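Written out below as C-alpha cells is the structure these notes cover.
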Amino acid sequence: MTLRPILIHPDPRLKAKTPPVTEITDDLRKLADDMLQTMYEAPGIGLAAPQVASDARMLVMDCVKDEHIPPRPMVLINPEVTFTSERMNTYEEGCLSIPDQYADVERPAEVTVRWLGLDGSEQEEHFTGLWATCVQHEIDHLNGKLFIDYLKPLKRQMITRKMQKLKRERARAL
Ligand SMILES: [Zn+2]
C-alpha cells in the first residue's frame with residue numbers, strides 16, 4: 001500500500017463530477033487499499049477518490065471511533081442514495097482537503113445507500129448518526145461538491161483564502 005497525497009482546496013479536480021466505474025480492475029483495488037491507508041494515516045473517517053486526484057467514482061470510510069470496537073473499513077463504488085430521512089441532523093464537519101477548518105452542516109439524519117463492493121456485488125445499507133453524515137459528505141465529493149459549499153458565501157470565501165495561503169506556504173516549504 002502507498003500513501004497518496006491529498007489534494008487541498010481550491011483545486012479544479014475537487015470540483016469535477018466523477019463518471020461511474022465500469023470495471024473493477026486491479027488498479028481500482030490498489031487505489032481502494034491506498035485510499036484506506038491514506039485515510040487512516042491522516043487521520044480521517046472518510047476519503048473520496050477525487051481527493052487523491054483520481055476520477056474513480058469510489059469512496060472509503062470507517063466511522064468507528066471507539067478503540068474497543070474493531071475497525072470497519074468500507075469501500076463504496078458508484079454509491080447512490082436511495083432514501084433520505086425528513087429528519088435533519090447538524091454535525092460540525094471537516095475535510096482532509098480543507099485542513100483544520102470546521103463548520104456546522106445540516107443534512108438528512110438517515111440515508112440508505114446502494115453501491116458496488118470491490119468484489120462487484122451490489123450492497124445496500126441504512127446509515128444513521130456519524131455514518132450518515134460521512135457517507136453524504138463523501139458522495140458529495142464524487143459530485144464535485146465540498147462541505148463549504150453549504151456555508152454562506154462570506155464564510156466560504158474566508159476558508160478558501162486561508163487554504164490558498166496554506167498552499168502557498170506548503171509550496172515554499174518544498
Ligand atoms: Zn471531505
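Following the order of the C-alpha cells, first chain is A, next is B, and so on, with residues numbered from 1 inside each chain and ligands from 1 in the order they appear.
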key: Spatial neighbours of Leu116 (chain A), max dist 10 Å, only C-alpha atoms, sep filter under 6 positions, as a PyMOL selection string   = chain A and resi 21+24+58+75-80+122-124
inquiry  = Give me the residues near region 34-42 of chain A as a PyMOL selection string, where near means some atom within 7 Å (using only C-alpha atoms) and where sequence neighbours in that chain fewer than 4 positions away do not count.
reply    = chain A and resi 1-4+30+46-47+60
inquiry  = Need the shell around Cys63 (chain A): protein/DNA/RNA residues with any atom at most 8 Å away, counting only C-alpha atoms. Skip same-chain ones fewer than 3 positions apart. Format as a PyMOL selection string?
reply    = chain A and resi 45-46+72+130-131+134
Output of the above residues as a PDB file, in the first residue's frame, restricted to all heavy atoms:
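Output file part_37.pdb follows:
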```
ATOM      1  N   ILE A  45     -12.035   9.946   8.708  1.00  0.00           N
ATOM      2  CA  ILE A  45     -13.062   8.897   8.756  1.00  0.00           C
ATOM      3  C   ILE A  45     -13.640   8.611   7.373  1.00  0.00           C
ATOM      4  O   ILE A  45     -14.412   7.685   7.202  1.00  0.00           O
ATOM      5  CB  ILE A  45     -14.205   9.235   9.744  1.00  0.00           C
ATOM      6  CG1 ILE A  45     -14.866  10.573   9.384  1.00  0.00           C
ATOM      7  CG2 ILE A  45     -13.677   9.267  11.168  1.00  0.00           C
ATOM      8  CD1 ILE A  45     -16.153  10.837  10.173  1.00  0.00           C
ATOM      9  N   GLY A  46     -13.249   9.425   6.377  1.00  0.00           N
ATOM     10  CA  GLY A  46     -13.738   9.196   5.019  1.00  0.00           C
ATOM     11  C   GLY A  46     -12.812   9.840   4.016  1.00  0.00           C
ATOM     12  O   GLY A  46     -12.120  10.813   4.334  1.00  0.00           O
ATOM     13  N   ARG A  72     -13.907  -0.827  10.849  1.00  0.00           N
ATOM     14  CA  ARG A  72     -14.790  -1.324   9.789  1.00  0.00           C
ATOM     15  C   ARG A  72     -14.497  -0.559   8.488  1.00  0.00           C
ATOM     16  O   ARG A  72     -15.234   0.360   8.112  1.00  0.00           O
ATOM     17  CB  ARG A  72     -16.256  -1.132  10.188  1.00  0.00           C
ATOM     18  CG  ARG A  72     -17.175  -1.857   9.227  1.00  0.00           C
ATOM     19  CD  ARG A  72     -18.640  -1.586   9.477  1.00  0.00           C
ATOM     20  NE  ARG A  72     -19.393  -2.276   8.433  1.00  0.00           N
ATOM     21  CZ  ARG A  72     -20.574  -1.889   7.980  1.00  0.00           C
ATOM     22  NH1 ARG A  72     -21.172  -0.825   8.475  1.00  0.00           N
ATOM     23  NH2 ARG A  72     -21.181  -2.555   7.030  1.00  0.00           N
ATOM     24  N   LEU A 130     -23.139   9.487  12.716  1.00  0.00           N
ATOM     25  CA  LEU A 130     -21.936   9.958  12.023  1.00  0.00           C
ATOM     26  C   LEU A 130     -21.756   9.288  10.652  1.00  0.00           C
ATOM     27  O   LEU A 130     -21.309   9.912   9.694  1.00  0.00           O
ATOM     28  CB  LEU A 130     -20.714   9.699  12.919  1.00  0.00           C
ATOM     29  CG  LEU A 130     -19.369  10.209  12.406  1.00  0.00           C
ATOM     30  CD1 LEU A 130     -19.401  11.710  12.154  1.00  0.00           C
ATOM     31  CD2 LEU A 130     -18.261   9.861  13.407  1.00  0.00           C
ATOM     32  N   TRP A 131     -22.135   7.993  10.582  1.00  0.00           N
ATOM     33  CA  TRP A 131     -22.003   7.267   9.298  1.00  0.00           C
ATOM     34  C   TRP A 131     -22.831   7.941   8.208  1.00  0.00           C
ATOM     35  O   TRP A 131     -22.390   8.043   7.055  1.00  0.00           O
ATOM     36  CB  TRP A 131     -22.457   5.810   9.461  1.00  0.00           C
ATOM     37  CG  TRP A 131     -21.515   4.959  10.231  1.00  0.00           C
ATOM     38  CD1 TRP A 131     -21.511   4.763  11.589  1.00  0.00           C
ATOM     39  CD2 TRP A 131     -20.419   4.179   9.723  1.00  0.00           C
ATOM     40  NE1 TRP A 131     -20.487   3.907  11.940  1.00  0.00           N
ATOM     41  CE2 TRP A 131     -19.810   3.535  10.815  1.00  0.00           C
ATOM     42  CE3 TRP A 131     -19.914   3.965   8.442  1.00  0.00           C
ATOM     43  CZ2 TRP A 131     -18.712   2.687  10.680  1.00  0.00           C
ATOM     44  CZ3 TRP A 131     -18.819   3.122   8.291  1.00  0.00           C
ATOM     45  CH2 TRP A 131     -18.222   2.493   9.404  1.00  0.00           C
ATOM     46  N   CYS A 134     -21.120  11.180   7.183  1.00  0.00           N
ATOM     47  CA  CYS A 134     -19.877  10.895   6.464  1.00  0.00           C
ATOM     48  C   CYS A 134     -20.159  10.416   5.047  1.00  0.00           C
ATOM     49  O   CYS A 134     -19.559  10.916   4.090  1.00  0.00           O
ATOM     50  CB  CYS A 134     -19.068   9.854   7.243  1.00  0.00           C
ATOM     51  SG  CYS A 134     -17.484   9.485   6.488  1.00  0.00           S
TER      52      CYS A 134
END
```
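When only C-alpha atoms and all ligand atoms are used to compute distances to ligand 1, the closest of the residues A:Val64, A:Cys95, A:Ala173, A:Val135 turns out to be A:Cys95.
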task = Could you give me, as a PyMOL selection string, the residues within 12 Å of Lys145 (chain A), counting only C-alpha atoms and dropping anything in the same chain fewer than 6 positions from it?
result = chain A and resi 9-18+48+50-51+95+97+136-139+151
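Distances from A:Ala56, A:Leu31, A:Ala132, A:Ile98 to Pro19 (chain A) were compared using only C-alpha atoms, and the smallest one belongs to A:Ala56.
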key: Non-local contacts of Phe147 (chain A) (9 Å; only C-alpha atoms; under 3 positions in same chain excluded) as number ranges by chain   = A: 93-95, 103, 105, 137, 140-141, 150-151
task = Please run DSSP on the backbone and report, as a PyMOL selection string, all residues within chain A that come out as strand (DSSP E or B).
result = chain A and resi 46-48+58-61+74-84+88-95+98-108+111-116+122-127
request  = Write out as a ChimeraX atom specification all residues of region 5-173 of chain A that DSSP puts in helix (DSSP H, G or I) for this structure's backbone.
outcome  = /A:12-14,26-41,49-52,129-142,147-150,153-173
Test item: residues at most 9 Å from region 83-87 of chain A, only C-alpha atoms, excluding those fewer than 6 positions along its chain, as a VMD selection string = chain A and resid 107 to 113 126
For those residues, write C-alpha atoms to a file as a CSV table (one decimal), in the first residue's frame.
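Below is the file selection_33.csv, written as the result:
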```csv
chain,number,residue,atom,x,y,z
A,107,ARG,CA,-28.0,17.0,6.3
A,108,PRO,CA,-30.7,14.3,6.4
A,109,ALA,CA,-30.1,12.4,9.6
A,110,GLU,CA,-30.5,9.0,7.9
A,111,VAL,CA,-29.8,7.7,4.4
A,112,THR,CA,-29.9,4.4,2.6
A,113,VAL,CA,-27.1,3.9,0.1
A,126,HIS,CA,-29.1,2.2,6.0
```
ask   = Which of these residues is nearest to ligand 1, using only C-alpha atoms and all ligand atoms: A:Thr128, A:Thr25, A:Gln101, A:Thr90?
value =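 Answer, going by the shortest atom-to-atom distance: A:Gln101.
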task = Take CA of Leu59 (chain A) and CA of Phe127 (chain A) and report the distance between them in Å, one decimal.
result =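 CA of Phe127 (chain A) lies at a distance of 15.1 Å from CA of Leu59 (chain A).
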message = What's the separation between CA of Thr82 (chain A) and CA of Gly129 (chain A), in Å to one decimal place?
response =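 Taking CA of Thr82 (chain A) and CA of Gly129 (chain A), their separation equals 17.1 Å.
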task = Within 12 Å of Lys162 (chain A), counting only C-alpha atoms, which residues show up once you throw out same-chain ones fewer than 4 positions away? Write them as a list in words, please.
result =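 The filter keeps Ile8, His9, Pro10, Ile98, Pro99, Asp100, Gln101, Lys155, Arg156, Gln157, Met158, Leu166, Lys167, Arg168 and Glu169 of chain A.
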message = Can you measure CA of Gly44 (chain A) to CA of Asp62 (chain A) for me? One decimal in Å is fine.
response = 8.4 Å
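Distance annotation: of A:Met88, A:Leu146, A:Lys165, A:Ala171, the residue with the minimal separation from ligand 1 is A:Leu146; atom set is only C-alpha atoms and all ligand atoms.
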